[in-house]
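Here is the file my_file26.pdb (PDB, C-alpha atoms and all ligand atoms).
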```pdb
MODEL        1
ATOM      1  CA  MET A   1     -15.265   0.214   1.980
ATOM      2  CA  ILE A   2     -12.819   2.057   4.224
ATOM      3  CA  GLN A   3     -14.360   5.065   5.920
ATOM      4  CA  ILE A   4     -12.305   7.473   7.962
ATOM      5  CA  LYS A   5     -14.063  10.232   9.838
ATOM      6  CA  ASP A   6     -12.273  13.019  11.683
ATOM      7  CA  LEU A   7      -8.942  11.362  12.304
ATOM      8  CA  LYS A   8      -6.269  13.206  14.208
ATOM      9  CA  VAL A   9      -2.879  11.540  14.659
ATOM     10  CA  TRP A  10       0.126  12.740  16.575
ATOM     11  CA  VAL A  11       3.428  11.292  17.629
ATOM     12  CA  ALA A  12       5.803  12.601  20.296
ATOM     13  CA  ASP A  13       3.619  15.735  20.687
ATOM     14  CA  LYS A  14       3.822  16.476  16.977
ATOM     15  CA  GLU A  15       0.487  16.697  15.237
ATOM     16  CA  ILE A  16       0.685  14.979  11.862
ATOM     17  CA  LEU A  17      -2.871  14.445  10.642
ATOM     18  CA  LYS A  18      -5.554  16.984  11.527
ATOM     19  CA  TRP A  19      -9.134  15.828  11.364
ATOM     20  CA  VAL A  20      -8.825  13.901   8.138
ATOM     21  CA  SER A  21     -11.999  12.434   6.642
ATOM     22  CA  ILE A  22     -11.626  10.213   3.619
ATOM     23  CA  ASP A  23     -13.409   7.217   2.099
ATOM     24  CA  PHE A  24     -12.133   4.469  -0.147
ATOM     25  CA  GLU A  25     -14.760   2.392  -1.864
ATOM     26  CA  ILE A  26     -14.135  -1.083  -3.177
ATOM     27  CA  TRP A  27     -13.812  -1.359  -6.968
ATOM     28  CA  LYS A  28     -12.517   2.164  -7.228
ATOM     29  CA  ASN A  29      -8.954   3.406  -7.504
ATOM     30  CA  TYR A  30      -7.659   6.471  -5.737
ATOM     31  CA  CYS A  31      -4.685   8.713  -5.947
ATOM     32  CA  LEU A  32      -3.331  10.723  -3.043
ATOM     33  CA  LEU A  33      -1.406  13.626  -4.509
ATOM     34  CA  TRP A  34      -0.062  15.101  -1.368
ATOM     35  CA  LYS A  35       2.990  17.203  -0.872
ATOM     36  CA  ASN A  36       6.119  16.059   0.956
ATOM     37  CA  TRP A  37       5.755  15.480   4.711
ATOM     38  CA  SER A  38       2.007  16.073   4.496
ATOM     39  CA  GLY A  39       1.279  12.843   6.342
ATOM     40  CA  LYS A  40       0.770  10.267   3.573
ATOM     41  CA  SER A  41       3.037   7.614   5.028
ATOM     42  CA  THR A  42       1.660   8.357   8.488
ATOM     43  CA  LEU A  43      -1.886   7.706   7.293
ATOM     44  CA  SER A  44      -0.774   4.488   5.569
ATOM     45  CA  ALA A  45       1.120   3.201   8.596
ATOM     46  CA  PHE A  46      -1.706   4.236  10.889
ATOM     47  CA  LEU A  47      -4.232   2.223   8.886
ATOM     48  CA  MET A  48      -1.971  -0.817   9.021
ATOM     49  CA  TRP A  49      -1.156  -0.157  12.730
ATOM     50  CA  HIS A  50       1.741   1.692  14.291
ATOM     51  CA  PRO A  51       2.840   1.327  17.917
ATOM     52  CA  LYS A  52       3.873   4.956  18.409
ATOM     53  CA  TYR A  53       0.944   6.870  16.995
ATOM     54  CA  GLU A  54      -1.626   8.441  19.258
ATOM     55  CA  TYR A  55      -4.940   9.364  17.760
ATOM     56  CA  ILE A  56      -8.461  10.604  18.141
ATOM     57  CA  SER A  57     -10.997   9.433  15.656
ATOM     58  CA  TRP A  58     -14.692   9.571  15.290
ATOM     59  CA  GLU A  59     -14.821   6.410  13.240
ATOM     60  CA  ILE A  60     -12.691   4.182  11.036
ATOM     61  CA  GLN A  61     -14.460   1.300   9.390
ATOM     62  CA  ILE A  62     -13.297  -1.366   7.032
ATOM     63  CA  ASP A  63     -16.146  -3.317   5.494
ATOM     64  CA  TRP A  64     -18.337  -2.499   8.495
ATOM     65  CA  ASN A  65     -15.726  -3.602  11.041
ATOM     66  CA  ASN A  66     -14.121  -1.154  13.394
ATOM     67  CA  LEU A  67     -10.574  -1.056  12.054
ATOM     68  CA  LEU A  68      -9.203   0.302  15.326
ATOM     69  CA  GLU A  69     -10.261  -2.854  17.141
ATOM     70  CA  LEU A  70      -8.415  -5.099  14.705
ATOM     71  CA  SER A  71      -4.851  -6.273  15.318
ATOM     72  CA  PRO A  72      -2.329  -5.776  12.475
ATOM     73  CA  GLU A  73      -2.783  -9.460  11.589
ATOM     74  CA  ASP A  74      -6.557  -9.061  11.439
ATOM     75  CA  ARG A  75      -6.190  -5.936   9.324
ATOM     76  CA  SER A  76      -4.137  -7.960   6.914
ATOM     77  CA  LYS A  77      -6.712 -10.745   7.028
ATOM     78  CA  ALA A  78      -9.357  -8.125   6.256
ATOM     79  CA  TRP A  79      -7.335  -7.767   3.051
ATOM     80  CA  LEU A  80      -5.603  -4.513   3.734
ATOM     81  CA  PHE A  81      -2.106  -4.389   2.272
ATOM     82  CA  LEU A  82       0.538  -1.715   2.545
ATOM     83  CA  SER A  83       3.397  -1.481   0.120
ATOM     84  CA  PHE A  84       5.858   0.566   2.156
ATOM     85  CA  GLN A  85       7.604   3.676   0.890
ATOM     86  CA  ASN A  86      10.745   2.363   2.580
ATOM     87  CA  VAL A  87      10.427  -1.385   2.316
ATOM     88  CA  PRO A  88      11.877  -2.883   5.518
ATOM     89  CA  GLU A  89      14.741  -5.361   5.456
ATOM     90  CA  ILE A  90      14.226  -8.187   7.918
ATOM     91  CA  LYS A  91      17.197 -10.261   8.882
ATOM     92  CA  GLY A  92      16.796 -13.872   9.917
ATOM     93  CA  ILE A  93      13.598 -14.454   7.892
ATOM     94  CA  ARG A  94      14.020 -16.335   4.684
ATOM     95  CA  LEU A  95      12.014 -14.943   1.746
ATOM     96  CA  SER A  96      10.527 -18.358   0.896
ATOM     97  CA  GLU A  97       9.335 -18.905   4.474
ATOM     98  CA  TYR A  98       7.867 -15.425   4.659
ATOM     99  CA  LEU A  99       5.952 -15.855   1.405
ATOM    100  CA  ARG A 100       4.783 -19.347   2.324
ATOM    101  CA  THR A 101       3.575 -18.127   5.717
ATOM    102  CA  ILE A 102       1.543 -15.215   4.368
ATOM    103  CA  TYR A 103       0.156 -17.395   1.602
ATOM    104  CA  ASN A 104      -0.959 -20.119   4.007
ATOM    105  CA  ILE A 105      -2.502 -17.632   6.439
ATOM    106  CA  HIS A 106      -4.546 -16.015   3.703
ATOM    107  CA  LEU A 107      -5.456 -19.359   2.227
ATOM    108  CA  LYS A 108      -6.853 -20.519   5.564
ATOM    109  CA  ASN A 109      -8.610 -17.196   5.891
ATOM    110  CA  THR A 110     -10.636 -18.002   2.787
ATOM    111  CA  SER A 111     -11.602 -21.469   3.947
ATOM    112  CA  THR A 112     -10.793 -23.552   7.010
ATOM    113  CA  GLU A 113     -10.795 -26.712   4.930
ATOM    114  CA  VAL A 114      -7.837 -25.969   2.728
ATOM    115  CA  LYS A 115      -4.491 -27.483   3.547
ATOM    116  CA  GLU A 116      -1.320 -25.498   4.077
ATOM    117  CA  LEU A 117       1.332 -25.805   1.426
ATOM    118  CA  SER A 118       4.488 -27.537   2.610
ATOM    119  CA  PRO A 119       7.876 -25.909   1.835
ATOM    120  CA  PHE A 120       8.407 -28.433  -0.943
ATOM    121  CA  ILE A 121       5.037 -27.872  -2.648
ATOM    122  CA  PHE A 122       5.248 -24.126  -2.123
ATOM    123  CA  LYS A 123       8.560 -23.929  -3.967
ATOM    124  CA  ARG A 124       6.922 -25.571  -6.965
ATOM    125  CA  PHE A 125       3.805 -23.444  -6.657
ATOM    126  CA  ILE A 126       5.691 -20.151  -6.527
ATOM    127  CA  LYS A 127       7.808 -20.900  -9.579
ATOM    128  CA  LYS A 128       5.327 -19.441 -12.079
ATOM    129  CA  TYR A 129       5.040 -16.211 -10.095
ATOM    130  CA  LEU A 130       8.825 -15.863  -9.994
ATOM    131  CA  GLU A 131       8.985 -16.396 -13.736
ATOM    132  CA  GLU A 132       6.263 -13.813 -14.394
ATOM    133  CA  LEU A 133       8.144 -11.235 -12.373
ATOM    134  CA  HIS A 134      11.605 -12.265 -13.587
ATOM    135  CA  ILE A 135      12.785 -13.038 -10.096
ATOM    136  CA  ASP A 136      15.620 -15.562  -9.858
ATOM    137  CA  ASP A 137      14.561 -18.487  -7.648
ATOM    138  CA  ARG A 138      17.821 -18.183  -5.703
ATOM    139  CA  PHE A 139      16.197 -15.138  -4.082
ATOM    140  CA  LEU A 140      13.956 -17.508  -2.133
ATOM    141  CA  ASP A 141      16.878 -18.487   0.084
ATOM    142  CA  ARG A 142      17.853 -14.905   0.848
ATOM    143  CA  GLU A 143      16.810 -12.951   3.924
ATOM    144  CA  LEU A 144      13.663 -10.867   3.429
ATOM    145  CA  ASN A 145      14.603  -7.771   1.401
ATOM    146  CA  VAL A 146      18.107  -7.693   2.902
ATOM    147  CA  TRP A 147      20.406  -6.043   0.345
ATOM    148  CA  PHE A 148      17.693  -6.231  -2.317
ATOM    149  CA  SER A 149      17.818  -3.343  -4.771
ATOM    150  CA  GLY A 150      14.923  -0.854  -4.809
ATOM    151  CA  TRP A 151      13.606  -2.509  -7.954
ATOM    152  CA  GLU A 152      13.850  -6.006  -6.474
ATOM    153  CA  LYS A 153      12.053  -4.882  -3.329
ATOM    154  CA  ARG A 154       9.227  -3.479  -5.425
ATOM    155  CA  LYS A 155       8.909  -6.751  -7.309
ATOM    156  CA  ILE A 156       8.686  -8.668  -4.028
ATOM    157  CA  GLU A 157       5.853  -6.339  -2.971
ATOM    158  CA  ILE A 158       4.011  -7.083  -6.229
ATOM    159  CA  LEU A 159       4.663 -10.789  -5.738
ATOM    160  CA  GLN A 160       2.963 -10.629  -2.338
ATOM    161  CA  MET A 161      -0.052  -8.880  -3.848
ATOM    162  CA  LYS A 162      -0.314 -11.562  -6.513
ATOM    163  CA  LEU A 163      -0.132 -14.277  -3.861
ATOM    164  CA  ILE A 164      -2.720 -13.002  -1.422
ATOM    165  CA  TRP A 165      -4.981 -10.797  -3.558
ATOM    166  CA  PRO A 166      -5.592  -8.012  -1.048
ATOM    167  CA  LYS A 167      -8.780  -6.016  -1.345
ATOM    168  CA  TYR A 168      -7.423  -2.631  -0.292
ATOM    169  CA  ILE A 169      -3.915  -1.983  -1.514
ATOM    170  CA  ILE A 170      -2.043   1.105  -0.347
ATOM    171  CA  LEU A 171       0.922   1.861  -2.591
ATOM    172  CA  ASP A 172       3.121   4.357  -0.802
ATOM    173  CA  GLU A 173       5.245   5.880  -3.557
ATOM    174  CA  ILE A 174       5.779   2.603  -5.362
ATOM    175  CA  ASP A 175       6.981   4.705  -8.313
ATOM    176  CA  SER A 176       9.955   6.190  -6.477
ATOM    177  CA  TRP A 177      13.506   4.890  -6.875
ATOM    178  CA  LEU A 178      12.775   3.384 -10.288
ATOM    179  CA  ASP A 179      14.309   4.106 -13.657
ATOM    180  CA  LEU A 180      11.940   4.608 -16.569
ATOM    181  CA  ASP A 181      11.886   0.964 -17.712
ATOM    182  CA  ALA A 182      11.362  -0.363 -14.208
ATOM    183  CA  PHE A 183       8.679   2.253 -13.621
ATOM    184  CA  ARG A 184       6.812   1.198 -16.762
ATOM    185  CA  THR A 185       7.027  -2.451 -15.817
ATOM    186  CA  ILE A 186       5.711  -1.822 -12.306
ATOM    187  CA  ALA A 187       2.922   0.410 -13.660
ATOM    188  CA  GLU A 188       1.906  -2.341 -16.126
ATOM    189  CA  MET A 189       1.936  -4.931 -13.355
ATOM    190  CA  LEU A 190      -0.286  -2.758 -11.198
ATOM    191  CA  LYS A 191      -2.642  -2.221 -14.086
ATOM    192  CA  GLN A 192      -2.974  -5.994 -14.437
ATOM    193  CA  LEU A 193      -3.526  -6.337 -10.710
ATOM    194  CA  SER A 194      -6.267  -3.720 -10.639
ATOM    195  CA  SER A 195      -9.631  -5.432 -10.828
ATOM    196  CA  GLU A 196     -13.246  -5.248  -9.792
ATOM    197  CA  ASN A 197     -12.299  -6.980  -6.561
ATOM    198  CA  ASN A 198      -9.790  -4.502  -5.262
ATOM    199  CA  THR A 199      -9.068  -0.880  -4.564
ATOM    200  CA  LEU A 200      -5.739   0.710  -5.287
ATOM    201  CA  ILE A 201      -4.776   3.704  -3.192
ATOM    202  CA  ILE A 202      -1.860   5.182  -5.069
ATOM    203  CA  ILE A 203       0.297   7.639  -3.176
ATOM    204  CA  THR A 204       2.535   9.550  -5.524
ATOM    205  CA  HIS A 205       4.117  12.892  -6.326
ATOM    206  CA  TYR A 206       4.007  12.244 -10.037
ATOM    207  CA  PHE A 207       1.230  12.046 -12.590
ATOM    208  CA  LYS A 208       2.977   9.586 -14.849
ATOM    209  CA  ILE A 209       1.471   6.553 -13.148
ATOM    210  CA  LEU A 210      -1.991   7.888 -14.027
ATOM    211  CA  ASP A 211      -1.152   7.273 -17.681
ATOM    212  CA  TYR A 212      -1.202   3.553 -16.888
ATOM    213  CA  ILE A 213      -3.844   3.149 -14.216
ATOM    214  CA  ASP A 214      -7.256   4.753 -14.241
ATOM    215  CA  VAL A 215      -8.210   6.339 -10.973
ATOM    216  CA  ASP A 216     -11.696   7.335  -9.956
ATOM    217  CA  LYS A 217     -10.778   9.987  -7.470
ATOM    218  CA  VAL A 218      -7.818  12.158  -6.597
ATOM    219  CA  TYR A 219      -7.311  13.668  -3.155
ATOM    220  CA  VAL A 220      -4.933  16.554  -2.653
ATOM    221  CA  MET A 221      -3.478  17.188   0.764
ATOM    222  CA  LYS A 222      -1.719  20.255   2.071
ATOM    223  CA  ASP A 223      -0.774  21.337   5.583
ATOM    224  CA  TRP A 224      -1.763  17.975   7.001
ATOM    225  CA  ASN A 225      -5.287  17.976   5.717
ATOM    226  CA  ILE A 226      -7.238  17.196   2.583
ATOM    227  CA  ILE A 227      -7.950  20.415   0.779
ATOM    228  CA  ARG A 228      -9.286  19.240  -2.592
ATOM    229  CA  GLU A 229     -10.975  16.234  -4.112
ATOM    230  CA  TRP A 230     -11.447  15.639  -7.784
ATOM    231  CA  TRP A 231     -13.187  12.983  -9.766
ATOM    232  CA  ASN A 232     -11.241  11.421 -12.594
ATOM    233  CA  GLU A 233     -12.547  13.658 -15.334
ATOM    234  CA  LEU A 234     -10.554  16.436 -13.741
ATOM    235  CA  VAL A 235      -7.270  14.558 -13.536
ATOM    236  CA  GLU A 236      -6.084  16.014 -16.822
ATOM    237  CA  GLU A 237      -6.798  19.476 -15.542
ATOM    238  CA  ILE A 238      -4.848  18.927 -12.326
ATOM    239  CA  LYS A 239      -1.921  17.533 -14.275
ATOM    240  CA  ASP A 240      -1.524  20.936 -15.859
ATOM    241  CA  LYS A 241      -2.165  23.268 -13.049
ATOM    242  CA  TRP A 242      -2.279  21.894  -9.558
ATOM    243  CA  PHE A 243       1.245  22.901  -8.598
ATOM    244  CA  LYS A 244       0.498  26.471  -9.605
ATOM    245  CA  ASP A 245      -2.827  26.590  -7.832
ATOM    246  CA  LEU A 246      -1.807  25.328  -4.430
TER     247      LEU A 246
HETATM  248  N1  LIG A 301       7.302   8.173  14.281
HETATM  249  C1  LIG A 301       7.490   9.479  14.043
HETATM  250  N2  LIG A 301       8.206  10.259  14.910
HETATM  251  C2  LIG A 301       8.372  11.593  14.684
HETATM  252  N3  LIG A 301       7.889  12.240  13.608
HETATM  253  C3  LIG A 301       7.184  11.535  12.716
HETATM  254  C4  LIG A 301       6.954  10.110  12.865
HETATM  255  N4  LIG A 301       6.224   9.680  11.825
HETATM  256  C5  LIG A 301       6.035  10.770  11.029
HETATM  257  N5  LIG A 301       6.602  11.869  11.573
HETATM  258  C6  LIG A 301       6.640  13.225  10.996
HETATM  259  O1  LIG A 301       5.368  13.506  10.441
HETATM  260  C7  LIG A 301       5.492  14.297   9.250
HETATM  261  C8  LIG A 301       4.758  13.606   8.115
HETATM  262  O2  LIG A 301       5.515  12.448   7.733
HETATM  263  P1  LIG A 301       5.057  11.422   6.603
HETATM  264  O3  LIG A 301       6.155  10.442   6.465
HETATM  265  O4  LIG A 301       3.707  10.897   6.946
HETATM  266  O5  LIG A 301       4.954  12.376   5.345
HETATM  267  P2  LIG A 301       4.756  12.022   3.812
HETATM  268  O6  LIG A 301       3.574  12.818   3.363
HETATM  269  O7  LIG A 301       4.694  10.546   3.609
HETATM  270  O8  LIG A 301       6.080  12.638   3.174
HETATM  271  P3  LIG A 301       6.951  12.171   1.867
HETATM  272  O9  LIG A 301       6.202  12.675   0.672
HETATM  273  O10 LIG A 301       8.225  12.919   2.059
HETATM  274  O11 LIG A 301       7.080  10.686   1.917
HETATM  275  C9  LIG A 301       6.996  14.451   9.005
HETATM  276  O12 LIG A 301       7.400  15.722   9.459
HETATM  277  C10 LIG A 301       7.606  13.338   9.838
HETATM  278  O13 LIG A 301       8.915  13.629  10.290
HETATM  279 MG    MG A 302       5.859   9.261   2.664
ENDMDL
END
```
For the file at hand, write its structure as structure tokens.
Ligand SMILES: Nc1ncnc2c1ncn2[C@@H]1O[C@H](COP(=O)(O)OP(=O)(O)OP(=O)(O)O)[C@@H](O)[C@H]1O
Ligand SMILES: [Mg+2]
Amino acid sequence: MIQIKDLKVWVADKEILKWVSIDFEIWKNYCLLWKNWSGKSTLSAFLMWHPKYEYISWEIQIDWNNLLELSPEDRSKAWLFLSFQNVPEIKGIRLSEYLRTIYNIHLKNTSTEVKELSPFIFKRFIKKYLEELHIDDRFLDRELNVWFSGWEKRKIEILQMKLIWPKYIILDEIDSWLDLDAFRTIAEMLKQLSSENNTLIIITHYFKILDYIDVDKVYVMKDWNIIREWWNELVEEIKDKWFKDL
């Protein structure tokens, strides 16, 4: 479970999150329906770690560990995964090496006895994932996300999730920049990924994705704080009227 109590975050004297309290339980899916610039990406980046953010917080726990004491690597090893709203392009890092590295790190995290996959074995191992996602294997030799289309970047994010099976997955507007077909495909892939062993935290401005993935709870944020929470039975109701009500 991720538990956030009274979190205040600011950057360069600008207050972004004001005393936010929010919990994410394992095995449940959540939707953050927050307005533009309400602090969604800030919260996501903060949870993953951001060098520029200053904060005050009463408590942030992830599975009974103090998240704030964990390095970004340890947060990832604690199975927290962020799919960025703006997926970064990283020059000089080959996609295959990046994927092999994260895979091996997470593999060793599950057991110290397992052996790392060599580049040769990894290329064979990853083949089925590439086929599933319709990713050409020539992509493996390209630099990480550099000049990838929005759709291709999203598929690489899904590929990472399939490789390392994170427990808490934050999807920061994964449904943006996609045409209808691509959107449907991504939504279906996420539905398949959703299981009893993970928690999806879906950040979105649209309700369409809720047609594909069941969420247990919806949080609405306005003016940098959470103003409403609904359980899933009320999702239909919000779909119709939340814009008018807020
Ligand atoms: N590093 C930073 N430096 C300065 N301002 C920042 C920084 N990070 C976030 N902000 C500001 O904080 C506010 C909230 O930004 P954030 O990206 O978290 O919003 P958001 O809810 O994700 O918006 P959107 O729906 O448009 O993606 C914005 O006004 C943004 O400019
Ligand atoms: Mg954002």
Please find the residues contacting ligand MG 302 (chain A) at a distance of at most 9 Å between atoms, with all atoms listed in the file counted, and report them as a ChimeraX atom specification. /A:36-42,44,84-86,172-173,203-204
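Applied to this file, the PyMOL selection byres (((chain A and resi 13) around 12) and not hetatm) selects Val9, Trp10, Val11, Ala12, Lys14, Glu15, Ile16, Lys52, Tyr53, Glu54 and Tyr55 of chain A.
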Here's the selection I'm unsure about, the PyMOL selection byres (((chain A and resi 126) around 12) and not hetatm); applied to the file above, which residues does it give, as an NGL selection string? :A and (95-97 or 99-100 or 103 or 117-125 or 127-133 or 135-137 or 139-140 or 159-160 or 162-163)
Can you turn the PyMOL selection byres (((chain A and resi 106) around 9) and not hetatm) into a concrete residue list for this file, as a CSV table (one decimal) with C-alpha atoms, keeping the file's coordinate frame?
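Result written to selection_18.csv:
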```csv
chain,number,residue,atom,x,y,z
A,76,SER,CA,-4.1,-8.0,6.9
A,77,LYS,CA,-6.7,-10.7,7.0
A,79,TRP,CA,-7.3,-7.8,3.1
A,101,THR,CA,3.6,-18.1,5.7
A,102,ILE,CA,1.5,-15.2,4.4
A,103,TYR,CA,0.2,-17.4,1.6
A,104,ASN,CA,-1.0,-20.1,4.0
A,105,ILE,CA,-2.5,-17.6,6.4
A,107,LEU,CA,-5.5,-19.4,2.2
A,108,LYS,CA,-6.9,-20.5,5.6
A,109,ASN,CA,-8.6,-17.2,5.9
A,110,THR,CA,-10.6,-18.0,2.8
A,111,SER,CA,-11.6,-21.5,3.9
A,163,LEU,CA,-0.1,-14.3,-3.9
A,164,ILE,CA,-2.7,-13.0,-1.4
A,165,TRP,CA,-5.0,-10.8,-3.6
```
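The coordinates place atom C10 of ligand LIG 301 (chain A) at 21.6 Å from atom CA of Phe81 of chain A.
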Under the rule that only C-alpha atoms are counted, which of A:Asn29, A:Ser176, A:Ser21, A:Gln3 is the nearest residue to Val218 of chain A? A:Asn29
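Ranking A:Asp74, A:Arg154, A:Glu116, A:Ile202 by their shortest atom-to-atom distance to Ala182 of chain A, with all atoms listed in the file included, puts A:Arg154 first.
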Around all the atoms of ligand LIG 301 (chain A) listed in the file, with 4 Å of room on each side, what axis-aligned box do you get, giving centre and edge lengths in Å to one decimal, as JSON?
```
{"center_x": 6.2, "center_y": 11.9, "center_z": 7.8, "size_x": 13.3, "size_y": 15.5, "size_z": 22.2}
```
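Of the residues under consideration (A:Ile174, A:Ile56, A:Ile62, A:Leu193), A:Ile174 shows the shortest atom-to-atom contact distance to ligand LIG 301 (chain A) when counting all atoms listed in the file.
Comparing the minimum interatomic distances between ligand LIG 301 (chain A) and each of A:Lys35, A:Lys91, A:Lys153, A:Lys18, counting only C-alpha atoms and all ligand atoms, we find that A:Lys35 sits nearest.
Separating atom O13 of ligand LIG 301 (chain A) from atom CA of Lys222 of chain A is a distance of 15.0 Å.
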Selection: 9 Å around Arg94 of chain A, only C-alpha atoms, excl. self and same-chain fewer than 6 positions, as a ChimeraX atom specification: /A:140-144
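Considering all atoms listed in the file, the residue among A:Ile2, A:Leu32, A:Ile22, A:Met161 positioned nearest to ligand LIG 301 (chain A) is A:Leu32.
Using only C-alpha atoms, the nearest neighbour of Thr199 of chain A within the list A:His134, A:Lys217, A:Lys5, A:Lys28 is A:Lys28.
Look at segment 177-179 of chain A: the protein and nucleic acid residues within 10 Å of it, using all atoms listed in the file and passing over chain neighbours fewer than 6 places away, are Gln85, Ser149, Gly150, Trp151, Arg154, Thr185 and Ile186 of chain A.
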Kindly give the distance, in Å, that separates atom O4 of ligand LIG 301 (chain A) and atom CA of Ser83 of chain A, rounded to a single decimal. 14.1 Å
